[in-house]
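Engineer: Would you mind keeping the following structure in view while I ask a few things?
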Amino acid sequence: MNFPIANYFESIAIEKPELTALYYHGKTYTYGQLLELVRKIQSEITKQISGKGNVIAIADELNDFTYAGLLAISLSENVILPFKPDMAPDRIEYIFEKTAPSYILYSKEQEGIINSQFPFLHQYQQLVMDYDNILHIPTDYPINYSDYYKDMAYILFTSGSTGKPKGVPVSKKNVHDFLDYYFDKNGYHFTPEDRFLQVFDFTFDVSYFSMFVPLSIGASCYALDNKPGRMKFLEIIQMLQDHKITVVSMVPTILLFLKKYLHKVSLPNLKYSFFIGDILYHDATAIWNKSVPNGVVHNFYGPTEVTIKCTRYIWDEQQCETEGLNNIVPIGTVFPGIDYLIINEDGSVVKNGEMGELCFYGKQVIDGYVGGEHEQMFIELEINGQKTRCYKTGDLVSENERGNMLFHGRKDFQCKINGYRIEIPEIEKVVTDIVKSPVAVIAKKNAEGLNFLVGFIEGESMPEDQLKAEMLKFLPDYMIPSKILNIEKIPLNGNQKVDRKELGLINY
Amino acid sequence: MHTLESIKDELQIIFRKEFSDNNIILTPETTADDISLWDSLTHMGLMDTIERHFNTNFSLDEIISFKNVGDLINSLTEKLP
């Protein structure tokens, strides 16, 4: 299947090159300017690669080269594999081993980092992007043409419970079906005058919404500055105010983080506030809602495996107050065309209103993980007399009488930190390998309700700073516990499993 | 009576306590990049502590405009007697 989203961009860029496509770091790029850069990259890609469906790794720098590179990969019908240049080297090496990218695409600005931090990348063919030309650095690494990924749009890696990240290949059809939900349907009417804010990097799938939707309708995409510094939530508010943003997708964490100050924020231009990636709390939403007098607030839910977003709840103060659970905003109803079930431990469907695990099948659901791994995430169920493969989300939900789903929590050890999905066993595996002692990691909430991680190591180990530096070789910074404590013995419960409740009571 | 120097000294005590690091030396040029634990998650807690310590309030616009410790000191100088 062709991937029409990038083609829409191309058509607009030819018809109306003067429209603003991108704003980044104080500079704007018109559709015409962006297309010029896209063409250069695309022509180099097609010069070097004859086939389609090749995996092309792209350094996610969130600048004009990243956007042009992503569009060029899509237009040449290849597959996007984003990686962050500040990712742990071992993680990148693992991801590349699993996907064997034909090319690595990065800008000249990153050359120093690539050369010094990631020597293993030199085995792969490289395309170094510059405004003047695209430099091809050939290597002996063979380009293996295969049909395996020919229908894919992108591959993202999420945290995996086995200690290694899971590769999620998302097809062009899945992305197309997802984006179709927003084009003049379901109450959405985006226009070329709309300004979308892109908050996340491209290893987080919501970014593909924030980029592809505006660029396929002639609207503009504003990228949050990728400069070093960690005050991202404040920068989001500043961008919303300064650039009169009309559409934004954010993690709910921002509301908890800025709660005390939100009543002073006024964003009359913001039409759509989309929340995704974590629990949205009703009281914080009510404060936010007052800041957006001309907008609507929608709460979305969607695992990467079901292509970005797959349920929606249109927030309404009165209605949410009656049907919200423990101040948690419902995740709402499933997008039309996507099939779902709520099942018990034994795979049977729960009775009306009962809690169970949310499973999806059909539209927007991936076929499987990279390398056919992690098959335990899928279950074969008999539906209407047919054996059907379903994806198990691990999320516990119930459905109320209005048909809205309520989120109850996870059935495993997955948690969210700033919207990033984290499998706690992956962190425990890395720390155990380093310290060679029993280890446990738990997620706790601070006074504002924000998740943070605490690690426990049995016995003595290396100093905390040194350990964290070791961990950063394997894990991204958001997976590093805020605090790591040495304790005499990791407590076990009656089933000889780590007693996480008792660990949560330890003061430090 | 607060002076630039006295505010800086009081802030230094707050920063050291907040980030459990007695080696922190603040200068007007100090930014979040210079203090490893000063990030988006700890920032608002830090602002809250500073507000309570000096018995004053910042607006979100003010907090957004703080690019370094010097900006913070200047804002406090204007607010405090």
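By convention here, the chains of the structure tokens are called A, B, ... in the order presented, each chain's residues are numbered starting at 1, and ligands are numbered starting at 1 in the order presented.
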Among chain B, which ones does DSSP place in alpha helix (DSSP H), written as an MDAnalysis selection string?
Structural biologist: chainID B and resid 4:18 40:54 60:65 69:79
Engineer: With a cut-off of 10 Å and counting only C-alpha atoms, select all residues of chain B in contact with chain A and give the selection as an mmCIF file with C-alpha atoms, in the first residue's frame.
Structural biologist:
```cif
data_model
loop_
_atom_site.group_PDB
_atom_site.id
_atom_site.type_symbol
_atom_site.label_atom_id
_atom_site.label_comp_id
_atom_site.auth_asym_id
_atom_site.auth_seq_id
_atom_site.Cartn_x
_atom_site.Cartn_y
_atom_site.Cartn_z
ATOM 1 C CA THR B 31 21.180 27.364 35.075
ATOM 2 C CA ALA B 32 19.387 24.013 35.386
ATOM 3 C CA ASP B 33 22.091 22.495 33.199
ATOM 4 C CA ASP B 34 24.641 23.110 35.977
ATOM 5 C CA LEU B 37 18.849 17.148 39.825
ATOM 6 C CA TRP B 38 17.323 20.473 38.727
ATOM 7 C CA ASP B 39 14.942 19.311 36.034
ATOM 8 C CA SER B 40 11.355 19.806 34.956
ATOM 9 C CA LEU B 41 10.071 17.517 37.702
ATOM 10 C CA THR B 42 11.916 19.253 40.554
ATOM 11 C CA HIS B 43 11.632 22.780 39.189
ATOM 12 C CA MET B 44 8.096 23.569 40.302
ATOM 13 C CA GLY B 45 8.774 22.146 43.775
ATOM 14 C CA ASP B 48 7.151 26.558 45.556
ATOM 15 C CA PHE B 58 5.511 34.153 41.085
ATOM 16 C CA SER B 59 3.241 34.137 38.076
ATOM 17 C CA LEU B 60 3.679 31.390 35.500
ATOM 18 C CA ASP B 61 4.942 34.011 33.029
ATOM 19 C CA ILE B 63 8.653 31.393 36.075
ATOM 20 C CA ILE B 64 8.823 30.867 32.326
ATOM 21 C CA SER B 65 11.026 33.949 31.965
ATOM 22 C CA LYS B 67 16.548 31.624 32.388
#
```
Engineer: Choose the residue, out of B:Glu51, B:Ile7, B:Ile13, B:Ser36, that has the smallest atom-to-atom separation from Ile73 (chain B); count only C-alpha atoms.
Structural biologist: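 The closest residue to Ile73 (chain B) is B:Ile7.
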Engineer: Check the smallest atom-to-atom distance from each of B:Ile25, B:Leu80, B:Ile35, B:Leu11 to Met47 (chain B) using only C-alpha atoms, then report the winner.
Structural biologist: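 Using only C-alpha atoms, Met47 (chain B) sits closest to B:Leu11.
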Engineer: Considering only C-alpha atoms, can you say which of A:Pro85, A:Lys309, A:Gln42, A:Val296 comes closest to Gly112 (chain A)?
Structural biologist: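 When distances to Gly112 (chain A) are compared using only C-alpha atoms, the smallest one comes from A:Pro85.
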Engineer: Rounded to one decimal, what separation in Å do you get between CA of Phe83 (chain A) and CA of Pro476 (chain A)?
Structural biologist: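 Going from CA of Phe83 (chain A) over to CA of Pro476 (chain A), I get 11.4 Å.
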Engineer: Quick one: residues within 12 Å of Ser6 (chain B), only C-alpha atoms, excluding same-chain residues fewer than 2 positions away - as an NGL selection string?
Structural biologist: :B and (1-4 or 8-13 or 54 or 73 or 76-77 or 80)
Engineer: Limited to C-alpha atoms, could you put the picked residues into a file as a short mmCIF file (atom, residue, chain, number, x, y, z; two decimals), in the first residue's frame?
Structural biologist:
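File produced: selection15.cif:
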```cif
data_model
loop_
_atom_site.label_atom_id
_atom_site.label_comp_id
_atom_site.auth_asym_id
_atom_site.auth_seq_id
_atom_site.Cartn_x
_atom_site.Cartn_y
_atom_site.Cartn_z
CA MET B 1 16.15 44.70 53.85
CA HIS B 2 17.07 42.26 51.11
CA THR B 3 20.08 42.78 48.89
CA LEU B 4 21.15 40.93 45.77
CA LYS B 8 21.62 34.82 46.51
CA ASP B 9 22.88 33.43 49.84
CA GLU B 10 19.38 32.45 50.96
CA LEU B 11 18.69 30.84 47.58
CA GLN B 12 21.93 28.88 47.89
CA ILE B 13 20.76 27.42 51.21
CA PHE B 54 10.30 34.58 50.86
CA ILE B 73 17.35 37.04 42.06
CA LEU B 76 12.87 38.58 44.07
CA THR B 77 14.70 41.91 44.49
CA LEU B 80 10.87 41.96 48.42
#
```
Engineer: Which residues are near Asp205 (chain A)? Cut-off 8 Å, only C-alpha atoms, ignore same chain within fewer than 4 positions. Put them as a PDB file with N, CA and C atoms, in the first residue's frame.
Structural biologist:
```pdb
ATOM      1  N   LEU A 156       8.837   1.560  15.974  1.00  0.00           N
ATOM      2  CA  LEU A 156       9.201   2.203  17.246  1.00  0.00           C
ATOM      3  C   LEU A 156       9.563   1.126  18.256  1.00  0.00           C
ATOM      4  N   PHE A 209       1.148  12.078  14.692  1.00  0.00           N
ATOM      5  CA  PHE A 209      -0.114  12.823  14.575  1.00  0.00           C
ATOM      6  C   PHE A 209       0.197  14.317  14.429  1.00  0.00           C
ATOM      7  N   THR A 304       1.117   1.948  21.559  1.00  0.00           N
ATOM      8  CA  THR A 304       1.816   2.017  20.269  1.00  0.00           C
ATOM      9  C   THR A 304       1.333   0.893  19.351  1.00  0.00           C
ATOM     10  N   THR A 307      -1.596   1.781  17.175  1.00  0.00           N
ATOM     11  CA  THR A 307      -1.368   2.960  16.330  1.00  0.00           C
ATOM     12  C   THR A 307      -1.869   4.278  16.944  1.00  0.00           C
ATOM     13  N   ILE A 308      -1.084   4.761  17.844  1.00  0.00           N
ATOM     14  CA  ILE A 308      -1.180   6.126  18.382  1.00  0.00           C
ATOM     15  C   ILE A 308      -2.357   6.340  19.337  1.00  0.00           C
TER      16      ILE A 308
END
```
Engineer: With distances taken over only C-alpha atoms, which residue among B:Arg16, B:Thr49, B:Asn68, B:Glu62 lies nearest Pro28 (chain B)?
Structural biologist: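 Ranking B:Arg16, B:Thr49, B:Asn68, B:Glu62 by distance to Pro28 (chain B), first place goes to B:Asn68.
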Engineer: Can you list, as a list in words, every protein, DNA or RNA residue that comes within 9 Å of Ile338 (chain A) when you count only C-alpha atoms, leaving out same-chain residues fewer than 6 positions away?
Structural biologist: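 Counting only the stated atoms, we get Cys310, Phe360, Tyr361, Gly362, Lys363, Gln364 and Val365 of chain A.
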Engineer: Generate the output file for the selected residues, N, CA and C atoms, as a JSON list (two decimals), in the first residue's frame.
Structural biologist:
```
[["chain", "number", "residue", "atom", "x", "y", "z"],
["A", 310, "CYS", "N", -6.65, 5.13, 20.16],
["A", 310, "CYS", "CA", -7.74, 4.28, 19.72],
["A", 310, "CYS", "C", -9.02, 4.44, 20.54],
["A", 360, "PHE", "N", -7.49, -5.62, 21.84],
["A", 360, "PHE", "CA", -7.92, -5.07, 20.55],
["A", 360, "PHE", "C", -7.61, -6.04, 19.42],
["A", 361, "TYR", "N", -8.42, -5.96, 18.37],
["A", 361, "TYR", "CA", -8.11, -6.69, 17.14],
["A", 361, "TYR", "C", -8.68, -5.91, 15.95],
["A", 362, "GLY", "N", -8.18, -6.25, 14.77],
["A", 362, "GLY", "CA", -8.67, -5.58, 13.55],
["A", 362, "GLY", "C", -7.93, -4.30, 13.24],
["A", 363, "LYS", "N", -8.69, -3.30, 12.79],
["A", 363, "LYS", "CA", -8.12, -2.02, 12.34],
["A", 363, "LYS", "C", -7.14, -1.41, 13.35],
["A", 364, "GLN", "N", -6.04, -0.89, 12.87],
["A", 364, "GLN", "CA", -5.03, -0.18, 13.66],
["A", 364, "GLN", "C", -4.17, -1.06, 14.55],
["A", 365, "VAL", "N", -4.46, -2.36, 14.62],
["A", 365, "VAL", "CA", -3.68, -3.23, 15.52],
["A", 365, "VAL", "C", -2.52, -3.85, 14.73]]
```
Engineer: Find the residues around region 97-103 of chain A up to 8 Å (only C-alpha atoms counted), leave out those fewer than 3 positions away in its own chain, and share them as a PyMOL selection string.
Structural biologist: chain A and resi 54-57+81+93-94+124-127+142-144+370-371
Engineer: Once you have the residues from the selection above, write them out as a compact mmCIF listing (two decimals), in the first residue's frame, restricted to C-alpha atoms.
Structural biologist:
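result-v5.txt was written with the following content:
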```
# COMPACT_ATOMS: atom_id res chain seq x y z
CA ASN A 54 13.88 -0.61 3.47
CA VAL A 55 14.36 0.39 7.06
CA ILE A 56 16.07 3.79 7.25
CA ALA A 57 17.23 4.92 10.67
CA LEU A 81 13.22 3.97 12.31
CA GLU A 93 23.04 -1.04 18.99
CA TYR A 94 20.34 -3.54 19.99
CA TYR A 124 26.06 0.90 8.36
CA GLN A 125 25.69 2.97 5.20
CA GLN A 126 25.26 6.62 6.13
CA LEU A 127 23.66 9.69 4.63
CA PRO A 142 25.24 -5.16 2.68
CA ILE A 143 21.79 -3.81 1.98
CA ASN A 144 19.53 -6.79 2.32
CA VAL A 370 9.90 -7.22 15.24
CA GLY A 371 11.40 -10.67 14.89
```
Engineer: Residues at most 10 Å from region 431-435 of chain A, counting only C-alpha atoms, excluding those fewer than 6 positions away in the same chain, as a ChimeraX atom specification?
Structural biologist: /A:425,441,455-462,467-468,470-471,474,480
Engineer: What is the distance between CA of Tyr31 (chain A) and CA of His176 (chain A), in Å to one decimal?
Structural biologist: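 For CA of Tyr31 (chain A) relative to CA of His176 (chain A), the distance reads 21.4 Å.
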